[in-house]
file data_25.cif (mmCIF, C-alpha atoms)
data_data
loop_
_atom_site.group_PDB
_atom_site.id
_atom_site.type_symbol
_atom_site.label_atom_id
_atom_site.label_comp_id
_atom_site.auth_asym_id
_atom_site.auth_seq_id
_atom_site.Cartn_x
_atom_site.Cartn_y
_atom_site.Cartn_z
ATOM 1 C CA MET U 119 3.228 3.525 -17.552
ATOM 2 C CA ASN U 120 5.494 5.718 -15.458
ATOM 3 C CA GLU U 121 6.725 9.122 -16.584
ATOM 4 C CA SER U 122 9.805 11.174 -15.767
ATOM 5 C CA ALA U 123 10.930 14.610 -16.810
ATOM 6 C CA ARG U 124 14.553 13.473 -16.709
ATOM 7 C CA SER U 125 16.225 12.600 -20.021
ATOM 8 C CA ALA U 126 17.195 8.984 -20.601
ATOM 9 C CA ASP U 127 19.585 9.806 -23.448
ATOM 10 C CA GLY U 128 23.278 9.043 -23.336
ATOM 11 C CA GLY U 129 26.106 7.344 -25.204
ATOM 12 C CA PRO U 130 29.661 6.092 -25.116
ATOM 13 C CA ASP U 131 32.791 8.209 -24.924
ATOM 14 C CA SER U 132 35.705 6.812 -26.907
ATOM 15 C CA GLU U 133 38.241 8.195 -24.427
ATOM 16 C CA GLN U 134 36.575 6.683 -21.351
ATOM 17 C CA PRO U 135 35.658 3.139 -20.312
ATOM 18 C CA ALA U 136 32.664 1.864 -22.290
ATOM 19 C CA GLU U 137 29.292 3.208 -21.198
ATOM 20 C CA PRO U 138 26.052 1.247 -21.632
ATOM 21 C CA ASP U 139 24.067 2.450 -24.653
ATOM 22 C CA ARG U 140 20.804 3.691 -23.186
ATOM 23 C CA GLU U 141 19.161 3.573 -26.608
ATOM 24 C CA ARG U 142 18.962 -0.164 -26.034
ATOM 25 C CA LEU U 143 16.238 0.483 -23.455
ATOM 26 C CA PHE U 144 14.115 1.825 -26.302
ATOM 27 C CA THR U 145 14.914 -0.915 -28.811
ATOM 28 C CA ALA U 146 14.322 -3.546 -26.108
ATOM 29 C CA GLY U 147 10.839 -2.213 -25.395
ATOM 30 C CA VAL U 148 11.704 -0.970 -21.919
ATOM 31 C CA LEU U 149 11.233 2.722 -22.655
ATOM 32 C CA THR U 150 9.146 4.577 -25.198
ATOM 33 C CA ALA U 151 8.893 8.233 -26.183
ATOM 34 C CA ASP U 152 5.803 10.296 -26.953
ATOM 35 C CA GLY U 153 7.086 13.686 -28.003
ATOM 36 C CA GLU U 154 9.357 14.851 -25.196
ATOM 37 C CA ALA U 155 7.814 12.525 -22.606
ATOM 38 C CA VAL U 156 9.762 9.310 -21.948
ATOM 39 C CA THR U 157 7.935 6.459 -20.218
ATOM 40 C CA THR U 158 8.350 2.805 -19.427
ATOM 41 C CA THR U 159 6.234 0.611 -21.678
ATOM 42 C CA ASP U 160 3.128 -1.201 -20.461
ATOM 43 C CA GLU U 161 4.705 -4.528 -21.414
ATOM 44 C CA PHE U 162 7.817 -3.809 -19.370
ATOM 45 C CA ASP U 163 5.753 -2.597 -16.398
ATOM 46 C CA ALA U 164 3.777 -5.846 -16.456
ATOM 47 C CA LEU U 165 6.971 -7.923 -16.518
ATOM 48 C CA VAL U 166 8.446 -5.924 -13.625
ATOM 49 C CA GLU U 167 5.251 -6.364 -11.613
ATOM 50 C CA THR U 168 5.408 -10.142 -12.093
ATOM 51 C CA TYR U 169 9.046 -10.278 -11.029
ATOM 52 C CA GLU U 170 8.461 -7.943 -8.087
ATOM 53 C CA THR U 171 5.781 -10.252 -6.681
ATOM 54 C CA THR U 172 8.088 -13.248 -7.088
ATOM 55 C CA VAL U 173 11.058 -11.468 -5.501
ATOM 56 C CA ALA U 174 9.014 -10.070 -2.616
ATOM 57 C CA ASP U 175 7.685 -13.539 -1.779
ATOM 58 C CA ALA U 176 11.082 -15.239 -2.034
ATOM 59 C CA ASN U 177 13.276 -16.205 0.891
ATOM 60 C CA ARG U 178 17.023 -15.587 0.719
ATOM 61 C CA GLU U 179 17.888 -18.844 -1.066
ATOM 62 C CA GLU U 180 15.046 -18.487 -3.557
ATOM 63 C CA LEU U 181 16.113 -14.909 -4.251
ATOM 64 C CA ARG U 182 19.680 -16.064 -4.775
ATOM 65 C CA ARG U 183 18.508 -18.522 -7.445
ATOM 66 C CA ILE U 184 16.518 -15.766 -9.183
ATOM 67 C CA VAL U 185 19.574 -13.514 -9.270
ATOM 68 C CA GLU U 186 21.876 -16.314 -10.446
ATOM 69 C CA ARG U 187 19.617 -16.955 -13.442
ATOM 70 C CA HIS U 188 20.295 -13.410 -14.659
ATOM 71 C CA VAL U 189 23.770 -12.571 -13.346
ATOM 72 C CA ASP U 190 26.850 -14.712 -13.956
ATOM 73 C CA ARG U 191 29.331 -12.829 -11.767
ATOM 74 C CA SER U 192 29.726 -14.378 -8.335
ATOM 75 C CA ASP U 193 30.919 -11.117 -6.756
ATOM 76 C CA LEU U 194 27.588 -9.459 -7.545
ATOM 77 C CA ILE U 195 25.254 -12.167 -6.279
ATOM 78 C CA GLU U 196 25.361 -11.276 -2.575
ATOM 79 C CA PRO U 197 24.917 -7.483 -2.956
ATOM 80 C CA LEU U 198 22.028 -8.085 -5.356
ATOM 81 C CA VAL U 199 20.407 -10.496 -2.906
ATOM 82 C CA GLU U 200 20.803 -7.938 -0.098
ATOM 83 C CA LEU U 201 19.351 -5.218 -2.323
ATOM 84 C CA GLY U 202 16.437 -7.448 -3.310
ATOM 85 C CA LEU U 203 15.591 -8.216 0.320
ATOM 86 C CA ASP U 204 15.396 -4.488 1.042
ATOM 87 C CA ASP U 205 14.046 -3.295 -2.317
ATOM 88 C CA PRO U 206 12.423 -6.059 -4.411
ATOM 89 C CA LEU U 207 11.691 -3.585 -7.205
ATOM 90 C CA SER U 208 15.406 -3.147 -7.946
ATOM 91 C CA VAL U 209 15.942 -6.855 -8.601
ATOM 92 C CA ALA U 210 12.646 -7.049 -10.490
ATOM 93 C CA GLU U 211 13.803 -4.257 -12.810
ATOM 94 C CA LEU U 212 17.169 -5.960 -13.300
ATOM 95 C CA CYS U 213 15.555 -9.275 -14.248
ATOM 96 C CA ALA U 214 13.049 -7.610 -16.562
ATOM 97 C CA VAL U 215 15.730 -5.581 -18.365
ATOM 98 C CA ALA U 216 17.851 -8.704 -18.871
ATOM 99 C CA ASP U 217 14.850 -10.612 -20.259
ATOM 100 C CA ARG U 218 13.784 -7.815 -22.629
ATOM 101 C CA ILE U 219 17.265 -7.245 -24.043
ATOM 102 C CA ALA U 220 17.845 -10.980 -24.514
ATOM 103 C CA ALA U 221 14.471 -11.411 -26.226
ATOM 104 C CA THR U 222 14.748 -8.466 -28.610
ATOM 105 C CA GLU U 223 18.362 -9.251 -29.511
ATOM 106 C CA GLY U 224 17.609 -12.936 -30.077
ATOM 107 C CA VAL U 225 20.003 -14.312 -27.480
ATOM 108 C CA GLU U 226 17.652 -15.873 -24.942
ATOM 109 C CA ASP U 227 19.681 -19.082 -24.763
ATOM 110 C CA GLU U 228 23.162 -17.651 -24.193
ATOM 111 C CA GLY U 229 22.079 -14.416 -22.534
ATOM 112 C CA VAL U 230 23.568 -10.922 -22.863
ATOM 113 C CA PRO U 231 26.982 -10.098 -21.353
ATOM 114 C CA LEU U 232 26.389 -8.473 -17.985
ATOM 115 C CA GLU U 233 28.637 -5.485 -18.679
ATOM 116 C CA ASP U 234 26.470 -4.645 -21.696
ATOM 117 C CA TRP U 235 23.334 -3.896 -19.710
ATOM 118 C CA LEU U 236 23.875 -3.739 -15.942
ATOM 119 C CA GLY U 237 24.645 -0.005 -16.046
ATOM 120 C CA LEU U 238 21.257 0.647 -17.646
ATOM 121 C CA VAL U 239 19.264 -0.542 -14.641
ATOM 122 C CA PRO U 240 19.753 2.480 -12.296
ATOM 123 C CA VAL U 241 18.225 4.761 -14.948
ATOM 124 C CA LEU U 242 14.873 3.094 -14.320
ATOM 125 C CA ARG U 243 14.756 4.584 -10.820
ATOM 126 C CA LEU U 244 13.858 7.880 -12.511
ATOM 127 C CA PHE U 245 10.584 6.334 -13.685
ATOM 128 C CA ARG U 246 9.394 5.021 -10.333
ATOM 129 C CA THR U 247 6.288 6.236 -8.554
ATOM 130 C CA PRO U 248 6.754 8.197 -6.415
ATOM 131 C CA THR U 249 9.578 9.716 -8.422
ATOM 132 C CA PRO U 250 12.825 10.114 -6.455
ATOM 133 C CA ARG U 251 13.693 13.706 -5.607
ATOM 134 C CA THR U 252 15.609 15.068 -8.613
ATOM 135 C CA GLU U 253 15.524 18.809 -7.886
ATOM 136 C CA GLY U 254 19.053 19.769 -6.911
ATOM 137 C CA ALA U 255 20.681 16.650 -8.383
ATOM 138 C CA PRO U 256 23.002 16.985 -11.402
ATOM 139 C CA ASP U 257 21.361 15.913 -14.655
ATOM 140 C CA ALA U 258 23.466 12.788 -15.179
ATOM 141 C CA PHE U 259 23.127 11.570 -11.580
ATOM 142 C CA VAL U 260 20.597 8.955 -10.464
ATOM 143 C CA PRO U 261 18.882 9.889 -7.173
ATOM 144 C CA VAL U 262 18.729 6.951 -4.758
ATOM 145 C CA PRO U 263 17.865 6.372 -1.089
ATOM 146 C CA ALA U 264 21.007 6.372 1.040
ATOM 147 C CA PRO U 265 20.282 2.913 2.568
ATOM 148 C CA HIS U 266 20.659 1.385 -0.914
ATOM 149 C CA LEU U 267 24.165 2.796 -1.392
ATOM 150 C CA PRO U 268 26.121 -0.062 0.244
ATOM 151 C CA GLN U 269 24.691 -2.537 -2.273
ATOM 152 C CA LEU U 270 24.482 -0.220 -5.294
ATOM 153 C CA THR U 271 28.104 0.885 -4.992
ATOM 154 C CA ARG U 272 29.235 -2.755 -4.930
ATOM 155 C CA ILE U 273 27.091 -3.659 -7.932
ATOM 156 C CA HIS U 274 27.930 -0.550 -9.970
ATOM 157 C CA THR U 275 31.616 0.126 -9.510
ATOM 158 C CA PRO U 276 33.383 2.490 -9.575
ATOM 159 C CA SER U 277 30.809 5.092 -8.581
ATOM 160 C CA VAL U 278 30.564 8.623 -7.271
ATOM 161 C CA VAL U 279 27.926 9.744 -4.770
ATOM 162 C CA TYR U 280 26.825 13.367 -4.520
ATOM 163 C CA VAL U 281 25.093 14.399 -1.261
ATOM 164 C CA TRP U 282 23.278 17.717 -1.398
ATOM 165 C CA LEU U 283 21.082 20.006 0.726
ATOM 166 C CA ASP U 284 18.494 22.722 0.158
ATOM 167 C CA ASP U 285 19.304 26.443 0.279
ATOM 168 C CA CYS U 286 22.999 25.679 -0.071
ATOM 169 C CA ASP U 287 25.119 27.909 -2.299
ATOM 170 C CA PRO U 288 28.108 25.506 -2.341
ATOM 171 C CA CYS U 289 25.716 22.717 -3.385
ATOM 172 C CA GLU U 290 24.617 24.769 -6.380
ATOM 173 C CA THR U 291 28.247 25.384 -7.311
ATOM 174 C CA VAL U 292 29.098 21.683 -7.108
ATOM 175 C CA ARG U 293 25.973 20.744 -9.056
ATOM 176 C CA HIS U 294 26.972 23.042 -11.913
ATOM 177 C CA ASP U 295 30.516 21.646 -11.855
ATOM 178 C CA LEU U 296 29.159 18.100 -12.042
ATOM 179 C CA ASP U 297 26.774 19.020 -14.877
ATOM 180 C CA ASP U 298 29.738 20.308 -16.869
ATOM 181 C CA ILE U 299 31.998 17.352 -16.086
ATOM 182 C CA PHE U 300 29.333 14.688 -16.676
ATOM 183 C CA ALA U 301 28.122 16.246 -19.918
ATOM 184 C CA GLU U 302 30.310 13.439 -21.300
ATOM 185 C CA PRO U 303 30.403 9.924 -19.760
ATOM 186 C CA GLN U 304 33.108 9.577 -17.114
ATOM 187 C CA GLY U 305 33.359 5.820 -16.761
ATOM 188 C CA VAL U 306 31.794 5.825 -13.275
ATOM 189 C CA MET U 307 28.214 5.367 -12.095
ATOM 190 C CA PRO U 308 26.882 8.681 -10.709
ATOM 191 C CA PHE U 309 24.443 8.517 -7.777
ATOM 192 C CA ALA U 310 22.864 11.381 -5.825
ATOM 193 C CA VAL U 311 21.383 11.435 -2.321
ATOM 194 C CA TYR U 312 19.283 14.206 -0.803
ATOM 195 C CA GLY U 313 21.001 14.507 2.561
ATOM 196 C CA PRO U 314 18.145 15.748 4.812
ATOM 197 C CA ASP U 315 16.123 12.600 4.065
ATOM 198 C CA HIS U 316 18.884 10.302 5.357
ATOM 199 C CA VAL U 317 20.758 12.191 8.083
ATOM 200 C CA SER U 318 21.190 9.298 10.525
ATOM 201 C CA PHE U 319 22.208 6.732 7.904
ATOM 202 C CA LEU U 320 24.720 9.014 6.186
ATOM 203 C CA SER U 321 26.288 9.919 9.513
ATOM 204 C CA LYS U 322 26.554 6.326 10.736
ATOM 205 C CA GLU U 323 27.624 4.612 7.505
ATOM 206 C CA TYR U 324 29.653 7.314 5.757
ATOM 207 C CA GLU U 325 30.470 9.892 8.450
ATOM 208 C CA VAL U 326 28.668 12.510 6.366
ATOM 209 C CA THR U 327 27.078 15.184 8.546
ATOM 210 C CA ALA U 328 26.933 18.151 6.167
ATOM 211 C CA GLY U 329 26.953 18.950 2.481
ATOM 212 C CA PRO U 330 27.798 19.112 -0.263
ATOM 213 C CA VAL U 331 29.925 15.991 -0.202
ATOM 214 C CA LEU U 332 31.265 13.831 -3.014
ATOM 215 C CA LEU U 333 32.137 10.221 -2.183
ATOM 216 C CA PHE U 334 34.356 8.361 -4.631
ATOM 217 C CA VAL U 335 33.614 4.662 -4.203
ATOM 218 C CA ARG U 336 35.098 1.420 -5.524
ATOM 219 C CA ASP U 337 33.636 -1.995 -4.654
ATOM 220 C CA GLY U 338 31.486 -0.408 -1.953
ATOM 221 C CA GLN U 339 34.444 1.221 -0.188
ATOM 222 C CA VAL U 340 34.920 5.002 -0.071
ATOM 223 C CA GLN U 341 38.307 5.744 -1.605
ATOM 224 C CA SER U 342 38.226 9.513 -1.139
ATOM 225 C CA ARG U 343 35.833 12.381 -0.566
ATOM 226 C CA ILE U 344 35.507 16.074 -1.297
ATOM 227 C CA TYR U 345 33.736 18.425 1.104
ATOM 228 C CA GLY U 346 32.312 21.712 -0.134
ATOM 229 C CA ALA U 347 32.908 23.407 -3.469
ATOM 230 C CA GLN U 348 36.558 22.724 -4.320
ATOM 231 C CA GLY U 349 36.273 23.334 -8.060
ATOM 232 C CA PRO U 350 36.104 21.092 -11.139
ATOM 233 C CA LYS U 351 39.838 20.303 -11.204
ATOM 234 C CA SER U 352 39.610 18.634 -7.796
ATOM 235 C CA ILE U 353 36.645 16.553 -8.940
ATOM 236 C CA GLU U 354 38.318 15.564 -12.200
ATOM 237 C CA SER U 355 41.474 14.563 -10.327
ATOM 238 C CA GLU U 356 39.569 12.249 -7.991
ATOM 239 C CA LEU U 357 37.578 10.774 -10.888
ATOM 240 C CA SER U 358 40.818 10.027 -12.727
ATOM 241 C CA LYS U 359 42.227 8.194 -9.702
ATOM 242 C CA LEU U 360 38.942 6.368 -9.168
ATOM 243 C CA ARG U 361 38.954 5.030 -12.735
ATOM 244 C CA ASP U 362 42.463 3.644 -12.196
ATOM 245 C CA PRO U 363 42.266 0.642 -9.827
ATOM 246 C CA THR U 364 46.051 0.718 -9.415
ATOM 247 C CA ALA U 365 46.094 4.316 -8.137
ATOM 248 C CA THR U 366 47.616 4.701 -4.675
ATOM 249 C CA ARG U 367 45.417 6.328 -2.047
#

call {"tool": "encode", "arguments": {"input": "data_25.cif", "output": "structure tokens"}}
result
Amino acid sequence: MNESARSADGGPDSEQPAEPDRERLFTAGVLTADGEAVTTTDEFDALVETYETTVADANREELRRIVERHVDRSDLIEPLVELGLDDPLSVAELCAVADRIAATEGVEDEGVPLEDWLGLVPVLRLFRTPTPRTEGAPDAFVPVPAPHLPQLTRIHTPSVVYVWLDDCDPCETVRHDLDDIFAEPQGVMPFAVYGPDHVSFLSKEYEVTAGPVLLFVRDGQVQSRIYGAQGPKSIESELSKLRDPTATR
């Protein structure tokens, strides 16, 4: 049973694209609460462990078949396979969440629509051991290793990536702006990366050499970026364009 101090609460915003209902992780037996402490359940941990062993032992074609049993969108198969080859736990969590939701909602045969649960999976990264670095990340953002971004931003699209540093006044300003903006769902998946842990990768893959930086990403491709603390209106403007796939860049 893994614990996290980060809240797993959340809900939909009627004025934004639909957000996954994180309460389903509780009703599906994925998460449980004991007072203020939120943990993954022993049953879910056991299911993830079984899947992780299977995924880790699978070759590319076997992994593809595992993913295809749980995901019915062809555009997501390849990024999920790539993610599973690098991080078997991510695909194990995805499979286990899909199984638990289908079982508790009585739809094992037909399955659960992907858009109803895929956005719940990144939340589980907050319950991993060791826990990802959360200090300095906005509350609504899911801290991830930078090397997972190419796959995660194709799977969860559109998305925004916040890169931050220590002892950085502009980073604190941007973090507070993001906390205010993301107090309500924004219709994008928010990821956070602690820059000093991934200097070489961020520089090579995203041309990020300093912080804070916000990357606004659709289908794995950076559409725009904001360097430094430019204020909430700049962030909200880029989020609005990111949510509109017809917006001209």

call {"tool": "residues_around", "arguments": {"input": "data_25.cif", "residues": "stretch 261-275 of chain U", "least_positions_apart": "2", "cutoff": "8 Å", "atoms": "only C-alpha atoms", "output": "VMD selection string"}}
result
chain U and resid 194 197 to 198 200 to 201 236 to 237 243 to 244 250 to 252 255 259 277 306 to 307 309 to 312 316 319 to 320 335 to 339

call {"tool": "residues_near_point", "arguments": {"input": "data_25.cif", "point": "(14.9, -8.2, -12.5)", "cutoff": "8 Å", "atoms": "only C-alpha atoms", "output": "list in words"}}
result
Val166, Tyr169, Glu170, Val185, His188, Leu207, Ser208, Val209, Ala210, Glu211, Leu212, Cys213, Ala214, Val215 and Ala216 of chain U

call {"tool": "write_last_selection", "arguments": {"input": "data_25.cif", "atoms": "C-alpha atoms", "output": "compact mmCIF listing (two decimals), keeping the file's coordinate frame"}}
result
# COMPACT_ATOMS: atom_id res chain seq x y z
CA VAL U 166 8.45 -5.92 -13.62
CA TYR U 169 9.05 -10.28 -11.03
CA GLU U 170 8.46 -7.94 -8.09
CA VAL U 185 19.57 -13.51 -9.27
CA HIS U 188 20.30 -13.41 -14.66
CA LEU U 207 11.69 -3.58 -7.20
CA SER U 208 15.41 -3.15 -7.95
CA VAL U 209 15.94 -6.86 -8.60
CA ALA U 210 12.65 -7.05 -10.49
CA GLU U 211 13.80 -4.26 -12.81
CA LEU U 212 17.17 -5.96 -13.30
CA CYS U 213 15.56 -9.28 -14.25
CA ALA U 214 13.05 -7.61 -16.56
CA VAL U 215 15.73 -5.58 -18.36
CA ALA U 216 17.85 -8.70 -18.87

call {"tool": "atom_distance", "arguments": {"input": "data_25.cif", "atom1": "atom CA of U:Phe300", "atom2": "atom CA of U:Asp193"}}
result
27.7 Å

call {"tool": "resolve_selection", "arguments": {"input": "data_25.cif", "expression": "the PyMOL selection byres ((chain U and resi 350) around 9)", "output": "tab-separated table (two decimals) with C-alpha atoms, keeping the file's coordinate frame"}}
result
chain	number	residue	atom	x	y	z
U	292	VAL	CA	29.10	21.68	-7.11
U	295	ASP	CA	30.52	21.65	-11.86
U	296	LEU	CA	29.16	18.10	-12.04
U	298	ASP	CA	29.74	20.31	-16.87
U	299	ILE	CA	32.00	17.35	-16.09
U	347	ALA	CA	32.91	23.41	-3.47
U	348	GLN	CA	36.56	22.72	-4.32
U	349	GLY	CA	36.27	23.33	-8.06
U	351	LYS	CA	39.84	20.30	-11.20
U	352	SER	CA	39.61	18.63	-7.80
U	353	ILE	CA	36.65	16.55	-8.94
U	354	GLU	CA	38.32	15.56	-12.20
U	355	SER	CA	41.47	14.56	-10.33

call {"tool": "resolve_selection", "arguments": {"input": "data_25.cif", "expression": "the PyMOL selection byres ((chain U and resi 359) around 12)", "output": "ChimeraX atom specification"}}
result
/U:276-278,304-306,334-336,341-343,352-358,360-367

call {"tool": "closest_residue", "arguments": {"input": "data_25.cif", "among": "U:Pro240, U:Pro308, U:Val279, U:Val317", "to": "U:Val340", "atoms": "all atoms listed in the file"}}
result
U:Val279

call {"tool": "closest_residue", "arguments": {"input": "data_25.cif", "among": "U:Glu325, U:Tyr345, U:Glu223, U:Phe162", "to": "U:Thr150", "atoms": "all atoms listed in the file"}}
result
U:Phe162

call {"tool": "atom_distance", "arguments": {"input": "data_25.cif", "atom1": "atom CA of U:Ser318", "atom2": "atom CA of U:Thr247"}}
result
24.4 Å

call {"tool": "closest_residue", "arguments": {"input": "data_25.cif", "among": "U:Asp287, U:Trp235, U:Phe245, U:Ile184", "to": "U:Ala155", "atoms": "only C-alpha atoms"}}
result
U:Phe245

call {"tool": "axis_aligned_box", "arguments": {"input": "data_25.cif", "around": "stretch 308-324 of chain U", "padding_each_side": "8 Å", "output": "lines of an AutoDock Vina configuration file"}}
result
center_x = 22.9
center_y = 10.2
center_z = 0.0
size_x = 29.5
size_y = 27.1
size_z = 37.4

call {"tool": "closest_residue", "arguments": {"input": "data_25.cif", "among": "U:Val260, U:Asp190, U:Thr145, U:Asp152", "to": "U:Ala221", "atoms": "all atoms listed in the file"}}
result
U:Thr145

call {"tool": "atom_distance", "arguments": {"input": "data_25.cif", "atom1": "atom CA of U:Thr222", "atom2": "atom CA of U:Glu186"}}
result
21.0 Å

call {"tool": "closest_residue", "arguments": {"input": "data_25.cif", "among": "U:Gly153, U:Pro206, U:Pro288, U:Gly346", "to": "U:Val331", "atoms": "all atoms listed in the file"}}
result
U:Gly346

call {"tool": "closest_residue", "arguments": {"input": "data_25.cif", "among": "U:Ala176, U:Ala258, U:Val241, U:Val281", "to": "U:Leu143", "atoms": "all atoms listed in the file"}}
result
U:Val241

call {"tool": "residues_around", "arguments": {"input": "data_25.cif", "residues": "U:Arg182", "least_positions_apart": "6", "cutoff": "8 Å", "atoms": "only C-alpha atoms", "output": "list in words"}}
result
Ile195, Glu196 and Val199 of chain U

call {"tool": "write_last_selection", "arguments": {"input": "data_25.cif", "atoms": "C-alpha atoms", "output": "CSV table (one decimal), in the coordinates of the input"}}
result
chain,number,residue,atom,x,y,z
U,195,ILE,CA,25.3,-12.2,-6.3
U,196,GLU,CA,25.4,-11.3,-2.6
U,199,VAL,CA,20.4,-10.5,-2.9
